[in-house]
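> Handing you this structure, nothing more for now.
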Amino acid sequence: MRSFLSRLQKDLRINISIYFMLLPVLAYYIIFQYGPMYGLQIAFKDFYPAKGFLGSPWVGLKNFEDFFVSVYFGRILINTLLLSLYSLIFFFPAGIIFALLLNEIKGRIFRRAVQTISYMPHFISMVVIVGMLFDFLARDGLINQITSLFGIEPISFMRSSGWFRTTYISSEIWQNIGWSSIVYLAAINSINPSLYEAARMDGASRWKQMWHVTLPGIMPTVTIMFILFIGKFMTVGFEKIILMYNPVIYETADVIQTFVYRKGILEANYSYSAAVGLFNAAISFTLLILANMTAKRLGETKLW
(Lines give C-alpha, C1' and ligand atoms only; values in the text may rest on other atoms or scores of the structure.)
Protein backbone atom coordinates (compact mmCIF):
# COMPACT_ATOMS: atom_id res chain seq x y z
CA MET A 1 0.00 0.00 0.00
CA ARG A 2 2.79 2.40 0.90
CA SER A 3 4.61 1.67 -2.35
CA PHE A 4 1.41 2.39 -4.28
CA LEU A 5 0.92 5.71 -2.47
CA SER A 6 4.52 6.71 -3.05
CA ARG A 7 4.23 5.91 -6.76
CA LEU A 8 1.00 7.90 -6.91
CA GLN A 9 2.60 10.90 -5.21
CA LYS A 10 5.55 10.73 -7.58
CA ASP A 11 3.26 10.51 -10.59
CA LEU A 12 1.22 13.48 -9.33
CA ARG A 13 4.35 15.59 -8.98
CA ILE A 14 5.56 14.69 -12.48
CA ASN A 15 2.21 14.98 -14.29
CA ILE A 16 0.44 17.59 -12.17
CA SER A 17 -0.49 19.70 -15.24
CA ILE A 18 -2.10 16.72 -16.95
CA TYR A 19 -4.20 15.94 -13.87
CA PHE A 20 -5.36 19.57 -13.75
CA MET A 21 -6.44 19.24 -17.38
CA LEU A 22 -8.39 16.13 -16.41
CA LEU A 23 -10.32 17.85 -13.61
CA PRO A 24 -12.98 19.55 -15.85
CA VAL A 25 -13.70 16.22 -17.54
CA LEU A 26 -14.08 14.46 -14.19
CA ALA A 27 -16.28 17.28 -12.90
CA TYR A 28 -18.51 17.04 -15.97
CA TYR A 29 -19.11 13.31 -15.58
CA ILE A 30 -19.57 13.49 -11.81
CA ILE A 31 -22.04 16.39 -11.96
CA PHE A 32 -23.99 15.61 -15.12
CA GLN A 33 -23.64 11.82 -15.52
CA TYR A 34 -23.13 10.10 -12.18
CA GLY A 35 -24.80 12.69 -9.93
CA PRO A 36 -28.26 12.40 -11.55
CA MET A 37 -28.20 8.62 -10.99
CA TYR A 38 -29.33 9.34 -7.42
CA GLY A 39 -32.63 10.51 -8.87
CA LEU A 40 -33.27 7.18 -10.63
CA GLN A 41 -34.98 5.99 -7.46
CA ILE A 42 -38.10 7.94 -8.47
CA ALA A 43 -38.70 5.26 -11.11
CA PHE A 44 -39.69 3.03 -8.19
CA LYS A 45 -41.71 5.70 -6.37
CA ASP A 46 -44.79 7.85 -6.81
CA PHE A 47 -42.73 11.02 -6.87
CA TYR A 48 -44.02 14.31 -5.53
CA PRO A 49 -41.60 17.27 -5.83
CA ALA A 50 -42.91 18.71 -2.55
CA LYS A 51 -42.01 15.48 -0.68
CA GLY A 52 -38.64 15.02 -2.39
CA PHE A 53 -36.84 11.79 -3.24
CA LEU A 54 -36.96 10.29 0.24
CA GLY A 55 -40.46 11.41 1.21
CA SER A 56 -42.27 10.11 -1.87
CA PRO A 57 -44.05 6.76 -1.38
CA TRP A 58 -42.44 3.59 -2.70
CA VAL A 59 -44.44 1.75 -5.40
CA GLY A 60 -41.90 -0.85 -6.56
CA LEU A 61 -42.24 -1.93 -10.18
CA LYS A 62 -45.67 -0.35 -10.71
CA ASN A 63 -44.39 2.32 -13.11
CA PHE A 64 -42.67 -0.33 -15.23
CA GLU A 65 -45.80 -2.49 -15.27
CA ASP A 66 -47.91 0.48 -16.35
CA PHE A 67 -45.51 1.12 -19.22
CA PHE A 68 -45.43 -2.51 -20.36
CA VAL A 69 -49.25 -2.73 -20.51
CA SER A 70 -49.61 0.73 -22.06
CA VAL A 71 -51.11 1.00 -25.55
CA TYR A 72 -48.02 3.01 -26.53
CA PHE A 73 -45.48 0.37 -25.50
CA GLY A 74 -45.48 -1.63 -28.73
CA ARG A 75 -45.52 1.44 -30.97
CA ILE A 76 -42.65 3.35 -29.40
CA LEU A 77 -40.52 0.21 -28.95
CA ILE A 78 -40.96 -0.79 -32.60
CA ASN A 79 -40.31 2.78 -33.80
CA THR A 80 -37.14 3.02 -31.70
CA LEU A 81 -35.85 -0.36 -32.85
CA LEU A 82 -36.62 0.32 -36.52
CA LEU A 83 -34.97 3.76 -36.55
CA SER A 84 -31.93 2.35 -34.74
CA LEU A 85 -31.76 -0.63 -37.09
CA TYR A 86 -32.02 1.57 -40.18
CA SER A 87 -29.28 3.79 -38.77
CA LEU A 88 -27.10 0.70 -38.29
CA ILE A 89 -27.77 -0.60 -41.81
CA PHE A 90 -27.54 2.68 -43.75
CA PHE A 91 -25.85 5.37 -41.63
CA PHE A 92 -23.07 3.40 -39.91
CA PRO A 93 -21.53 1.96 -43.13
CA ALA A 94 -21.91 5.31 -44.92
CA GLY A 95 -18.94 6.86 -43.09
CA ILE A 96 -16.76 3.83 -43.86
CA ILE A 97 -17.70 3.80 -47.55
CA PHE A 98 -17.19 7.56 -47.84
CA ALA A 99 -13.74 7.29 -46.23
CA LEU A 100 -12.76 4.50 -48.62
CA LEU A 101 -13.92 6.55 -51.61
CA LEU A 102 -12.08 9.66 -50.41
CA ASN A 103 -8.93 7.61 -50.00
CA GLU A 104 -9.11 6.64 -53.67
CA ILE A 105 -9.14 10.28 -54.84
CA LYS A 106 -5.63 11.11 -55.98
CA GLY A 107 -6.07 14.87 -56.45
CA ARG A 108 -5.02 16.34 -53.11
CA ILE A 109 -6.78 19.69 -53.54
CA PHE A 110 -10.00 18.13 -54.80
CA ARG A 111 -10.01 15.57 -51.96
CA ARG A 112 -9.59 18.26 -49.32
CA ALA A 113 -12.35 20.31 -50.92
CA VAL A 114 -14.72 17.33 -50.83
CA GLN A 115 -13.80 16.63 -47.20
CA THR A 116 -14.39 20.24 -46.16
CA ILE A 117 -17.76 20.42 -47.91
CA SER A 118 -18.86 17.10 -46.39
CA TYR A 119 -17.98 18.32 -42.87
CA MET A 120 -20.02 21.52 -43.10
CA PRO A 121 -23.53 20.14 -42.38
CA HIS A 122 -22.29 18.67 -39.09
CA PHE A 123 -21.64 22.17 -37.73
CA ILE A 124 -25.03 23.58 -38.71
CA SER A 125 -27.45 24.01 -35.81
CA MET A 126 -30.02 21.23 -35.54
CA VAL A 127 -32.81 23.81 -35.57
CA VAL A 128 -31.48 25.20 -38.86
CA ILE A 129 -31.13 21.67 -40.30
CA VAL A 130 -34.75 20.81 -39.53
CA GLY A 131 -35.86 24.21 -40.84
CA MET A 132 -34.09 23.43 -44.11
CA LEU A 133 -35.86 20.06 -44.24
CA PHE A 134 -39.24 21.73 -43.80
CA ASP A 135 -38.43 24.19 -46.59
CA PHE A 136 -36.99 21.67 -49.05
CA LEU A 137 -39.61 18.98 -48.38
CA ALA A 138 -42.71 21.18 -48.28
CA ARG A 139 -45.42 20.61 -50.89
CA ASP A 140 -44.11 23.62 -52.78
CA GLY A 141 -40.47 23.01 -51.79
CA LEU A 142 -37.45 22.28 -53.93
CA ILE A 143 -37.80 18.49 -53.90
CA ASN A 144 -41.45 18.54 -55.00
CA GLN A 145 -40.67 21.13 -57.66
CA ILE A 146 -38.03 18.81 -59.11
CA THR A 147 -40.22 15.69 -58.95
CA SER A 148 -43.15 17.57 -60.51
CA LEU A 149 -41.03 17.95 -63.66
CA PHE A 150 -41.37 14.15 -64.04
CA GLY A 151 -45.12 14.19 -63.47
CA ILE A 152 -45.00 13.09 -59.83
CA GLU A 153 -47.67 14.52 -57.53
CA PRO A 154 -46.39 16.72 -54.67
CA ILE A 155 -45.90 14.91 -51.35
CA SER A 156 -46.07 16.48 -47.91
CA PHE A 157 -42.99 14.64 -46.62
CA MET A 158 -42.89 16.22 -43.18
CA ARG A 159 -46.54 15.45 -42.48
CA SER A 160 -46.50 11.90 -43.81
CA SER A 161 -45.83 9.09 -41.33
CA GLY A 162 -44.78 6.81 -44.18
CA TRP A 163 -41.93 9.13 -45.18
CA PHE A 164 -40.63 10.00 -41.72
CA ARG A 165 -38.04 7.21 -41.38
CA THR A 166 -36.70 7.78 -44.89
CA THR A 167 -36.44 11.52 -44.26
CA TYR A 168 -34.76 11.06 -40.89
CA ILE A 169 -32.13 8.52 -42.03
CA SER A 170 -31.38 10.37 -45.27
CA SER A 171 -30.87 13.67 -43.45
CA GLU A 172 -28.68 11.93 -40.84
CA ILE A 173 -26.42 10.58 -43.58
CA TRP A 174 -26.21 13.96 -45.32
CA GLN A 175 -25.51 15.79 -42.07
CA ASN A 176 -22.93 13.45 -40.52
CA ILE A 177 -21.32 11.32 -43.24
CA GLY A 178 -18.30 13.59 -43.55
CA TRP A 179 -17.76 13.93 -39.81
CA SER A 180 -18.12 10.18 -39.18
CA SER A 181 -15.52 9.44 -41.88
CA ILE A 182 -12.72 11.30 -40.04
CA VAL A 183 -11.80 8.46 -37.71
CA TYR A 184 -11.73 5.97 -40.60
CA LEU A 185 -9.55 8.26 -42.72
CA ALA A 186 -7.13 8.51 -39.79
CA ALA A 187 -7.08 4.70 -39.55
CA ILE A 188 -6.44 4.41 -43.30
CA ASN A 189 -3.53 6.85 -43.11
CA SER A 190 -1.94 4.73 -40.37
CA ILE A 191 -1.74 1.63 -42.61
CA ASN A 192 1.82 0.72 -43.57
CA PRO A 193 2.42 1.86 -47.21
CA SER A 194 4.62 -1.19 -47.79
CA LEU A 195 1.47 -3.35 -47.69
CA TYR A 196 0.11 -1.50 -50.72
CA GLU A 197 3.46 -1.81 -52.50
CA ALA A 198 3.50 -5.57 -51.88
CA ALA A 199 -0.08 -5.84 -53.15
CA ARG A 200 0.76 -3.91 -56.34
CA MET A 201 3.78 -6.13 -56.94
CA ASP A 202 1.47 -9.13 -56.73
CA GLY A 203 -0.72 -7.56 -59.41
CA ALA A 204 -3.57 -6.43 -57.15
CA SER A 205 -5.90 -3.83 -58.65
CA ARG A 206 -7.03 -0.78 -56.68
CA TRP A 207 -10.26 -2.58 -55.82
CA LYS A 208 -8.37 -5.61 -54.48
CA GLN A 209 -5.99 -3.34 -52.56
CA MET A 210 -8.96 -1.71 -50.88
CA TRP A 211 -10.60 -5.07 -50.17
CA HIS A 212 -7.52 -6.96 -48.95
CA VAL A 213 -5.36 -4.19 -47.46
CA THR A 214 -7.43 -1.13 -46.53
CA LEU A 215 -10.47 -2.85 -45.06
CA PRO A 216 -8.50 -5.32 -42.88
CA GLY A 217 -6.28 -2.43 -41.79
CA ILE A 218 -9.20 -0.35 -40.47
CA MET A 219 -11.21 -3.29 -39.11
CA PRO A 220 -10.09 -2.75 -35.46
CA THR A 221 -11.33 0.84 -35.69
CA VAL A 222 -14.58 -0.29 -37.32
CA THR A 223 -15.10 -2.80 -34.49
CA ILE A 224 -14.60 -0.17 -31.78
CA MET A 225 -16.93 2.27 -33.53
CA PHE A 226 -19.51 -0.49 -33.99
CA ILE A 227 -19.46 -1.34 -30.28
CA LEU A 228 -19.86 2.34 -29.39
CA PHE A 229 -22.71 2.64 -31.89
CA ILE A 230 -24.47 -0.36 -30.35
CA GLY A 231 -24.07 1.29 -26.93
CA LYS A 232 -26.33 4.13 -28.07
CA PHE A 233 -28.50 1.90 -30.26
CA MET A 234 -31.70 2.81 -28.40
CA THR A 235 -30.94 6.53 -28.10
CA VAL A 236 -31.84 7.72 -31.59
CA GLY A 237 -31.63 11.47 -32.29
CA PHE A 238 -34.01 12.89 -29.69
CA GLU A 239 -33.45 16.56 -30.50
CA LYS A 240 -33.95 16.09 -34.22
CA ILE A 241 -37.09 14.00 -33.83
CA ILE A 242 -38.59 16.50 -31.38
CA LEU A 243 -38.08 19.24 -33.96
CA MET A 244 -39.36 17.12 -36.86
CA TYR A 245 -42.38 15.37 -35.49
CA ASN A 246 -45.98 16.34 -34.80
CA PRO A 247 -49.12 14.41 -33.74
CA VAL A 248 -49.86 13.53 -37.37
CA ILE A 249 -46.73 11.34 -37.62
CA TYR A 250 -46.63 9.94 -34.06
CA GLU A 251 -47.35 6.53 -35.59
CA THR A 252 -43.78 6.23 -36.91
CA ALA A 253 -41.95 9.17 -35.30
CA ASP A 254 -42.70 8.58 -31.62
CA VAL A 255 -39.73 6.85 -29.95
CA ILE A 256 -38.84 6.09 -26.34
CA GLN A 257 -36.98 9.35 -25.74
CA THR A 258 -39.73 11.55 -27.17
CA PHE A 259 -42.26 9.58 -25.13
CA VAL A 260 -40.19 10.24 -21.99
CA TYR A 261 -40.11 13.95 -22.88
CA ARG A 262 -43.88 14.14 -23.29
CA LYS A 263 -44.63 12.22 -20.10
CA GLY A 264 -41.94 13.78 -17.94
CA ILE A 265 -41.74 17.41 -19.11
CA LEU A 266 -45.10 18.15 -20.69
CA GLU A 267 -47.31 16.01 -18.41
CA ALA A 268 -45.07 16.21 -15.28
CA ASN A 269 -45.38 12.44 -14.74
CA TYR A 270 -41.83 12.19 -13.43
CA SER A 271 -41.88 8.69 -11.96
CA TYR A 272 -43.41 7.10 -15.04
CA SER A 273 -41.00 8.84 -17.43
CA ALA A 274 -38.04 7.92 -15.21
CA ALA A 275 -39.10 4.26 -15.36
CA VAL A 276 -39.32 4.38 -19.17
CA GLY A 277 -35.93 6.08 -19.39
CA LEU A 278 -34.36 3.51 -17.05
CA PHE A 279 -35.82 0.69 -19.14
CA ASN A 280 -34.26 2.24 -22.25
CA ALA A 281 -30.88 2.68 -20.54
CA ALA A 282 -30.91 -0.93 -19.32
CA ILE A 283 -31.45 -2.19 -22.88
CA SER A 284 -28.63 0.02 -24.22
CA PHE A 285 -26.28 -1.19 -21.48
CA THR A 286 -27.14 -4.84 -22.19
CA LEU A 287 -26.56 -4.38 -25.93
CA LEU A 288 -23.20 -2.74 -25.24
CA ILE A 289 -22.08 -5.66 -23.07
CA LEU A 290 -23.26 -8.22 -25.65
CA ALA A 291 -21.53 -6.40 -28.52
CA ASN A 292 -18.25 -6.26 -26.61
CA MET A 293 -18.50 -9.94 -25.64
CA THR A 294 -19.23 -10.92 -29.25
CA ALA A 295 -16.21 -8.96 -30.51
CA LYS A 296 -14.07 -10.63 -27.86
CA ARG A 297 -15.24 -14.13 -28.84
CA LEU A 298 -14.61 -13.43 -32.52
CA GLY A 299 -11.07 -12.37 -31.69
CA GLU A 300 -11.61 -8.80 -32.88
CA THR A 301 -10.61 -5.63 -31.06
CA LYS A 302 -12.79 -5.08 -28.01
CA LEU A 303 -13.71 -1.97 -26.05
CA TRP A 304 -12.51 -3.38 -22.74
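We name chains A, B, ... following the order of the C-alpha coordinates; residues begin at 1 in each chain, and ligands are numbered from 1 as shown.
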Can you write out as JSON lines which residues of segment 55-143 of chain A fall within 10 Å of segment 213-221 of chain A, alongside each residue's closest atom pair and its distance in Å to one decimal, counting only C-alpha atoms and ordering rows by chain and ascending residue number?

{"residue": "A:Ile96", "atom": "CA", "partner": "A:Leu215", "partner_atom": "CA", "distance": 9.3}
{"residue": "A:Leu100", "atom": "CA", "partner": "A:Thr214", "partner_atom": "CA", "distance": 8.0}
{"residue": "A:Asn103", "atom": "CA", "partner": "A:Thr214", "partner_atom": "CA", "distance": 9.5}
> I want to know what sits within 10 Å of Trp304 of chain A, based on only C-alpha atoms, with residues of the same chain fewer than 4 positions away left out; could you give that as a PyMOL selection string?
chain A and resi 224+289+292-293+296
> Check the smallest atom-to-atom distance from each of A:Glu239, A:Leu8, A:Ile155, A:Arg13 to Val127 of chain A using only C-alpha atoms, then report the winner.
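For Val127 of chain A, the nearest of the given residues is A:Glu239.
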> For each of A:Leu40, A:Leu185, A:Leu22, A:Ile117, take the minimum atom-to-atom distance to Phe98 of chain A, counting only C-alpha atoms, then give the residue where this is smallest.
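Between A:Leu40, A:Leu185, A:Leu22, A:Ile117, the residue approaching Phe98 of chain A most closely is A:Leu185.
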> Taking only C-alpha atoms into account, produce a table as JSON lines in which each residue of segment 108-206 of chain A with an atom at most 8 Å from an atom of segment 72-93 of chain A appears once, together with its shortest atom pair and the distance in Å to one decimal, ordered by chain and rising number.

{"residue": "A:Arg165", "atom": "CA", "partner": "A:Leu83", "partner_atom": "CA", "distance": 6.7}
{"residue": "A:Ile169", "atom": "CA", "partner": "A:Ser87", "partner_atom": "CA", "distance": 6.4}
{"residue": "A:Glu172", "atom": "CA", "partner": "A:Phe91", "partner_atom": "CA", "distance": 7.2}
{"residue": "A:Ile173", "atom": "CA", "partner": "A:Phe91", "partner_atom": "CA", "distance": 5.6}
{"residue": "A:Ile177", "atom": "CA", "partner": "A:Phe91", "partner_atom": "CA", "distance": 7.6}
